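Here is input.txt, consisting of compact mmCIF, C-alpha atoms and all ligand atoms:
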```txt
# COMPACT_ATOMS: atom_id res chain seq x y z
CA MET A 1 -37.40 4.79 106.88
CA ASP A 2 -34.66 6.77 105.18
CA ARG A 3 -33.00 3.60 103.97
CA ILE A 4 -32.31 5.03 100.49
CA LYS A 5 -29.46 7.53 100.41
CA LEU A 6 -27.93 9.70 97.75
CA ILE A 7 -24.37 10.92 97.51
CA LYS A 8 -22.10 12.40 94.91
CA GLY A 9 -18.70 10.81 94.60
CA ASP A 10 -16.57 7.87 93.64
CA ILE A 11 -18.10 4.50 94.47
CA THR A 12 -14.68 2.83 94.85
CA GLN A 13 -14.05 4.81 98.06
CA LEU A 14 -17.10 3.65 99.97
CA GLN A 15 -16.88 1.58 103.10
CA VAL A 16 -20.01 -0.51 102.60
CA ASP A 17 -20.71 -4.23 102.46
CA ALA A 18 -21.11 -4.27 98.69
CA ILE A 19 -20.59 -1.89 95.80
CA VAL A 20 -22.29 -2.67 92.52
CA ASN A 21 -20.40 -2.52 89.24
CA ALA A 22 -22.01 -1.60 85.91
CA ALA A 23 -20.10 -4.28 84.00
CA ASN A 24 -20.43 -5.83 80.55
CA SER A 25 -21.29 -9.44 79.85
CA SER A 26 -17.66 -10.53 79.45
CA LEU A 27 -16.86 -9.35 83.01
CA MET A 28 -13.38 -8.56 81.70
CA GLY A 29 -13.43 -4.88 82.65
CA GLY A 30 -13.97 -1.75 80.60
CA GLY A 31 -14.26 2.01 80.98
CA GLY A 32 -16.44 4.13 83.27
CA VAL A 33 -17.24 2.80 86.70
CA ASP A 34 -16.11 -0.70 85.66
CA GLY A 35 -12.62 0.58 84.87
CA ALA A 36 -12.49 2.57 88.11
CA ILE A 37 -13.48 -0.48 90.19
CA HIS A 38 -10.91 -2.79 88.61
CA ARG A 39 -8.19 -0.14 88.98
CA ALA A 40 -8.98 0.53 92.61
CA GLY A 41 -9.60 -3.10 93.60
CA GLY A 42 -6.61 -4.65 91.85
CA PRO A 43 -6.11 -7.88 89.84
CA GLU A 44 -7.88 -10.18 92.28
CA ILE A 45 -11.26 -9.01 91.01
CA LEU A 46 -10.42 -9.84 87.40
CA ARG A 47 -9.14 -13.26 88.46
CA GLU A 48 -12.48 -14.07 90.09
CA CYS A 49 -14.42 -12.64 87.15
CA ARG A 50 -12.47 -14.86 84.78
CA LYS A 51 -13.40 -17.92 86.83
CA ILE A 52 -17.08 -16.94 86.77
CA GLY A 53 -16.82 -16.61 83.00
CA GLY A 54 -19.50 -14.02 82.19
CA CYS A 55 -22.87 -12.58 83.13
CA ARG A 56 -26.05 -12.03 81.13
CA THR A 57 -27.83 -8.69 80.90
CA GLY A 58 -29.97 -8.11 83.99
CA GLU A 59 -28.16 -10.74 86.04
CA ALA A 60 -25.56 -10.30 88.79
CA VAL A 61 -22.49 -12.09 90.16
CA ILE A 62 -20.32 -11.43 93.21
CA THR A 63 -16.56 -11.19 93.80
CA THR A 64 -14.16 -9.82 96.36
CA ALA A 65 -13.60 -6.06 96.41
CA GLY A 66 -9.82 -6.60 96.48
CA GLN A 67 -8.05 -3.56 97.90
CA MET A 68 -11.15 -1.38 98.15
CA PRO A 69 -12.79 -0.67 101.53
CA ALA A 70 -16.00 -2.51 100.53
CA LYS A 71 -16.29 -6.25 101.25
CA PHE A 72 -17.73 -7.33 97.91
CA VAL A 73 -18.28 -6.18 94.36
CA ILE A 74 -21.55 -7.21 92.77
CA HIS A 75 -21.17 -7.10 89.00
CA THR A 76 -24.35 -6.60 87.05
CA VAL A 77 -24.82 -6.00 83.35
CA GLY A 78 -27.19 -3.20 82.43
CA PRO A 79 -29.07 -3.04 79.14
CA VAL A 80 -27.77 -1.04 76.20
CA TRP A 81 -30.40 1.59 75.32
CA TYR A 82 -31.98 0.85 71.92
CA GLY A 83 -34.77 3.39 72.17
CA GLY A 84 -36.92 1.41 74.59
CA THR A 85 -37.92 -1.34 72.18
CA LYS A 86 -35.86 -4.17 73.63
CA ASP A 87 -37.21 -4.57 77.18
CA GLU A 88 -34.57 -2.19 78.48
CA ALA A 89 -36.73 -1.06 81.43
CA GLU A 90 -37.38 -4.61 82.61
CA LYS A 91 -33.71 -5.51 82.26
CA LEU A 92 -32.60 -2.46 84.18
CA ALA A 93 -35.04 -3.29 86.99
CA ASP A 94 -33.65 -6.87 86.95
CA CYS A 95 -30.16 -5.44 87.56
CA TYR A 96 -31.26 -3.69 90.74
CA ARG A 97 -33.42 -6.61 91.95
CA ASN A 98 -30.86 -9.32 91.24
CA SER A 99 -27.99 -7.29 92.73
CA LEU A 100 -29.96 -6.73 95.93
CA GLY A 101 -30.98 -10.39 96.11
CA LEU A 102 -27.39 -11.52 95.73
CA ALA A 103 -26.25 -8.97 98.32
CA VAL A 104 -28.77 -10.27 100.85
CA ARG A 105 -27.76 -13.88 100.22
CA ASN A 106 -24.22 -12.80 101.12
CA GLY A 107 -25.25 -11.06 104.33
CA CYS A 108 -24.79 -7.51 103.02
CA LYS A 109 -26.61 -4.75 104.87
CA THR A 110 -25.21 -1.69 103.11
CA ILE A 111 -25.12 -1.65 99.32
CA ALA A 112 -24.00 1.13 96.98
CA PHE A 113 -25.14 1.46 93.35
CA PRO A 114 -23.79 3.54 90.49
CA ASN A 115 -26.26 4.79 87.87
CA ILE A 116 -26.31 1.58 85.85
CA SER A 117 -26.53 1.94 82.03
CA THR A 118 -26.56 5.75 82.08
CA GLY A 119 -23.00 6.14 80.75
CA VAL A 120 -21.68 4.31 77.70
CA TYR A 121 -24.89 2.25 77.44
CA GLY A 122 -26.92 5.41 76.84
CA TYR A 123 -30.00 4.85 79.01
CA PRO A 124 -31.90 8.15 79.47
CA LYS A 125 -31.07 9.39 82.96
CA PRO A 126 -34.54 10.46 84.18
CA GLU A 127 -36.09 7.11 83.26
CA ALA A 128 -33.16 5.16 84.69
CA ALA A 129 -33.47 7.09 87.98
CA GLN A 130 -37.16 6.27 88.23
CA ILE A 131 -36.58 2.57 87.66
CA ALA A 132 -33.75 2.54 90.21
CA VAL A 133 -35.86 4.19 92.91
CA GLU A 134 -39.00 2.14 92.24
CA THR A 135 -37.18 -1.17 92.17
CA VAL A 136 -35.12 -0.49 95.29
CA THR A 137 -38.16 0.81 97.19
CA GLN A 138 -40.14 -2.30 96.27
CA PHE A 139 -37.28 -4.58 97.33
CA LEU A 140 -36.76 -2.84 100.66
CA SER A 141 -40.46 -3.03 101.47
CA GLN A 142 -40.08 -6.81 101.44
CA ASN A 143 -36.70 -7.07 103.10
CA GLU A 144 -35.70 -6.20 106.62
CA LEU A 145 -32.01 -7.15 106.49
CA VAL A 146 -30.80 -4.33 104.26
CA GLU A 147 -30.06 -1.20 106.29
CA SER A 148 -29.25 1.17 103.48
CA VAL A 149 -28.99 1.42 99.74
CA ILE A 150 -26.81 4.29 98.57
CA PHE A 151 -27.04 5.76 95.08
CA VAL A 152 -23.59 7.09 94.24
CA CYS A 153 -23.64 9.65 91.46
CA PHE A 154 -20.54 10.65 89.58
CA ASP A 155 -22.31 13.34 87.60
CA GLN A 156 -24.58 16.17 88.66
CA GLU A 157 -27.33 15.27 86.22
CA ASN A 158 -27.98 11.85 87.71
CA TYR A 159 -27.74 13.34 91.19
CA LEU A 160 -30.43 15.90 90.44
CA HIS A 161 -32.77 13.34 88.92
CA LEU A 162 -32.51 11.08 91.97
CA ALA A 163 -32.80 13.98 94.42
CA LYS A 164 -36.34 14.63 93.14
CA PHE A 165 -37.70 11.48 94.76
CA PRO A 166 -38.96 12.03 98.32
CA GLU A 167 -37.87 8.54 99.43
CA VAL A 168 -34.23 9.34 98.49
CA LYS A 169 -32.31 11.22 101.21
CA ALA A 170 -29.22 13.27 100.37
CA ALA A 171 -26.29 12.26 102.59
CA ASP A 172 -22.57 12.97 103.00
CA MET A 173 -19.88 10.65 101.67
CA ASP A 174 -19.01 9.46 105.21
CA SER A 175 -22.47 9.22 106.76
N1 LIG A 201 -18.14 6.02 90.83
C1 LIG A 201 -19.47 6.13 90.62
N2 LIG A 201 -20.02 6.29 89.40
C2 LIG A 201 -19.18 6.35 88.34
C3 LIG A 201 -17.76 6.24 88.47
C4 LIG A 201 -17.26 6.07 89.79
N3 LIG A 201 -15.95 5.95 90.02
N4 LIG A 201 -17.23 6.34 87.23
C5 LIG A 201 -18.25 6.51 86.35
N5 LIG A 201 -19.43 6.52 87.02
P1 LIG A 201 -20.73 3.55 82.71
P2 LIG A 201 -22.84 1.76 81.65
C6 LIG A 201 -20.82 6.67 86.51
O1 LIG A 201 -20.41 4.03 81.34
O2 LIG A 201 -23.53 2.91 81.00
C7 LIG A 201 -18.07 0.00 80.79
O3 LIG A 201 -17.05 0.12 79.85
C8 LIG A 201 -21.03 7.38 85.20
O4 LIG A 201 -21.04 8.79 85.40
O5 LIG A 201 -19.63 3.24 83.65
O6 LIG A 201 -23.66 0.77 82.41
C9 LIG A 201 -18.49 -1.44 81.03
O7 LIG A 201 -17.42 -2.32 80.90
C10 LIG A 201 -22.41 6.87 84.78
O8 LIG A 201 -23.45 7.67 85.34
O9 LIG A 201 -21.66 2.20 82.66
C11 LIG A 201 -19.54 -1.65 80.00
O10 LIG A 201 -18.98 -2.03 78.76
C12 LIG A 201 -22.50 5.49 85.44
O11 LIG A 201 -21.34 5.38 86.28
C13 LIG A 201 -20.21 -0.32 79.86
O12 LIG A 201 -19.24 0.64 80.27
C14 LIG A 201 -22.53 4.35 84.47
O13 LIG A 201 -21.70 4.63 83.36
C15 LIG A 201 -21.40 -0.19 80.77
O14 LIG A 201 -22.06 1.02 80.50
```
Just give me the structure of the file as structure tokens.
Ligand code: AR6
Amino acid sequence: MDRIKLIKGDITQLQVDAIVNAANSSLMGGGGVDGAIHRAGGPEILRECRKIGGCRTGEAVITTAGQMPAKFVIHTVGPVWYGGTKDEAEKLADCYRNSLGLAVRNGCKTIAFPNISTGVYGYPKPEAAQIAVETVTQFLSQNELVESVIFVCFDQENYLHLAKFPEVKAADMDS
């Protein structure tokens, strides 16, 4: 119980096994959380991303976290919001599922997610929060290894949407 946590803050600061990056399919960096992760982690992350070569929407790949306190970065590519007509919901759920699967295959027990697709990619925040919670809850119900999944919100709006779910427990940055 209480394996899903919610904090407000900067995901690059977290001491967890894996932080998830909301990347784009080139994996070559960008703005938002992607930019923050590459800045904080240093050039080693980009070097590994270049070797991997790219990532399709809904899929996930893993690299070092470079100079950040986390062990790994899991890069996933969220869907761009086109009004809900292009399987955006399924692709967003794939991001959470595939990131968690990859984390488990790499022995990760604590995994932090940003609010994938809710920035530049324009996914409506209430719907994105619901998909995040449902998909993570479903995954955890079938997986014993993962100790905690932490939703890290940079903005108050996402925080408030996620805080509405009873299975999501508000926590401090260092708990
Ligand atoms: N820690 C946690 N969350 C953050 C941080 C941070 N340091 N910085 C921003 N956020 P976005 P997307 C939140 O735009 O919508 C990039 O250029 C932010 O408040 O980063 O999936 C990529 O290269 C928002 O709620 O990702 C892609 O091209 C959330 O992270 C594109 O943006 C996601 O916003 C991906 O767009």
Grab all the atoms of segment 146-157 of chain A that the file lists, wrap them in a box along x, y and z, add 5 Å per side, and give me centre plus edge lengths in Å (one decimal) as AutoDock Vina command-line options.
```
--center_x -25.7 --center_y 5.9 --center_z 96.3 --size_x 20.3 --size_y 30.5 --size_z 30.1
```
Compile the contact shell of segment 85-93 of chain A as a PyMOL selection string: residues with an atom at most 9 Å away, counting all atoms listed in the file, same-chain residues fewer than 4 positions apart removed.
chain A and resi 57-59+77-81+97-98+116-117+123+127-128+131-132+134-136
Each residue of chain A lying at most 8 Å from ligand LIG 201 (chain A) should get a row with its shortest atom-to-atom pair and the distance in Å to one decimal, counting only C-alpha atoms and all ligand atoms; could you produce that, ordered by chain and increasing number, as CSV?
```
residue,atom,partner,partner_atom,distance
A:Gly9,CA,A:LIG201,N1,6.1
A:Asp10,CA,A:LIG201,N1,3.7
A:Ile11,CA,A:LIG201,N1,3.9
A:Thr12,CA,A:LIG201,N3,5.9
A:Ala22,CA,A:LIG201,O6,4.5
A:Ala23,CA,A:LIG201,C9,4.4
A:Asn24,CA,A:LIG201,C11,4.3
A:Ser25,CA,A:LIG201,O10,7.8
A:Leu27,CA,A:LIG201,O7,7.4
A:Met28,CA,A:LIG201,O7,7.5
A:Gly29,CA,A:LIG201,O7,5.1
A:Gly30,CA,A:LIG201,O7,3.5
A:Gly31,CA,A:LIG201,O3,3.6
A:Gly32,CA,A:LIG201,O5,3.3
A:Val33,CA,A:LIG201,N4,3.6
A:Asp34,CA,A:LIG201,O7,5.2
A:Gly35,CA,A:LIG201,O3,6.7
A:Ala36,CA,A:LIG201,N3,5.2
A:Ile37,CA,A:LIG201,N3,6.9
A:Val77,CA,A:LIG201,O6,6.9
A:Gly78,CA,A:LIG201,O6,5.3
A:Pro79,CA,A:LIG201,O6,7.4
A:Val80,CA,A:LIG201,O14,7.4
A:Phe113,CA,A:LIG201,C1,7.8
A:Pro114,CA,A:LIG201,N2,4.8
A:Asn115,CA,A:LIG201,C12,4.5
A:Ile116,CA,A:LIG201,O6,4.4
A:Ser117,CA,A:LIG201,O6,3.1
A:Thr118,CA,A:LIG201,O2,4.3
A:Gly119,CA,A:LIG201,O2,3.3
A:Val120,CA,A:LIG201,O1,3.9
A:Tyr121,CA,A:LIG201,O2,3.9
A:Gly122,CA,A:LIG201,O2,5.9
A:Tyr123,CA,A:LIG201,O2,7.0
A:Val152,CA,A:LIG201,C1,5.6
A:Cys153,CA,A:LIG201,N2,5.4
A:Phe154,CA,A:LIG201,N2,4.4
A:Asp155,CA,A:LIG201,O4,5.2
A:Asn158,CA,A:LIG201,O8,6.6
```
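Going from atom CA of Gly53 of chain A to atom CA of Ile74 of chain A covers 14.4 Å.
The spacing separating atom CA of Ile52 of chain A from atom CA of Leu140 of chain A amounts to 27.9 Å.
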Can you measure atom CA of Leu162 of chain A to atom CA of Ser99 of chain A for me? One decimal in Å is fine.
18.9 Å
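Taking only C-alpha atoms into account, Gln156 of chain A lies nearest to A:Leu6 out of the set A:Leu6, A:Met68, A:Leu100, A:Ile19.
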Can you tell me which residues surround Lys169 of chain A at a distance of at most 7 Å, considering only C-alpha atoms, apart from same-chain residues fewer than 2 positions away, and format the answer as a PyMOL selection string?
chain A and resi 2+4-6+167+171
Export of the given selection (C-alpha atoms) as a short mmCIF file (atom, residue, chain, number, x, y, z; two decimals), in the frame of the given file:
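Result file selection15.cif:
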```cif
data_model
loop_
_atom_site.label_atom_id
_atom_site.label_comp_id
_atom_site.auth_asym_id
_atom_site.auth_seq_id
_atom_site.Cartn_x
_atom_site.Cartn_y
_atom_site.Cartn_z
CA ASP A 2 -34.66 6.77 105.18
CA ILE A 4 -32.31 5.03 100.49
CA LYS A 5 -29.46 7.53 100.41
CA LEU A 6 -27.93 9.70 97.75
CA GLU A 167 -37.87 8.54 99.43
CA ALA A 171 -26.29 12.26 102.59
#
```
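Distances here use only C-alpha atoms; by that measure, the residue among A:Phe72, A:Phe151, A:Tyr96, A:Tyr159 closest to Ala60 of chain A is A:Tyr96.
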In terms of all atoms listed in the file, the residue from A:Ala65, A:Cys95, A:Val16, A:Ala129 at minimal distance from Gly42 of chain A is A:Ala65
Hey, what's within 8 Å of Asp17 of chain A if we count all atoms listed in the file and toss same-chain stuff fewer than 6 positions away? As an mmCIF file with C-alpha atoms, in the coordinates of the input, please?
```cif
data_model
loop_
_atom_site.group_PDB
_atom_site.id
_atom_site.type_symbol
_atom_site.label_atom_id
_atom_site.label_comp_id
_atom_site.auth_asym_id
_atom_site.auth_seq_id
_atom_site.Cartn_x
_atom_site.Cartn_y
_atom_site.Cartn_z
ATOM 1 C CA ALA A 70 -16.000 -2.510 100.530
ATOM 2 C CA LYS A 71 -16.290 -6.250 101.250
ATOM 3 C CA PHE A 72 -17.730 -7.330 97.910
ATOM 4 C CA CYS A 108 -24.790 -7.510 103.020
ATOM 5 C CA LYS A 109 -26.610 -4.750 104.870
ATOM 6 C CA THR A 110 -25.210 -1.690 103.110
ATOM 7 C CA ILE A 111 -25.120 -1.650 99.320
#
```
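Closest approach to Gln15 of chain A from the set A:Lys125, A:His38, A:Leu145, A:Ile150 is made by A:Ile150, with distances taken over all atoms listed in the file.
Considering the residues A:Ser26, A:Leu14, A:Glu44, A:Cys49 and counting all atoms listed in the file, Pro69 of chain A has its shortest atom-to-atom contact with A:Leu14.
Counting all atoms listed in the file, the residue from A:Glu157, A:Asp172, A:Glu144, A:Glu48 that sits nearest to Pro124 of chain A is A:Glu157.
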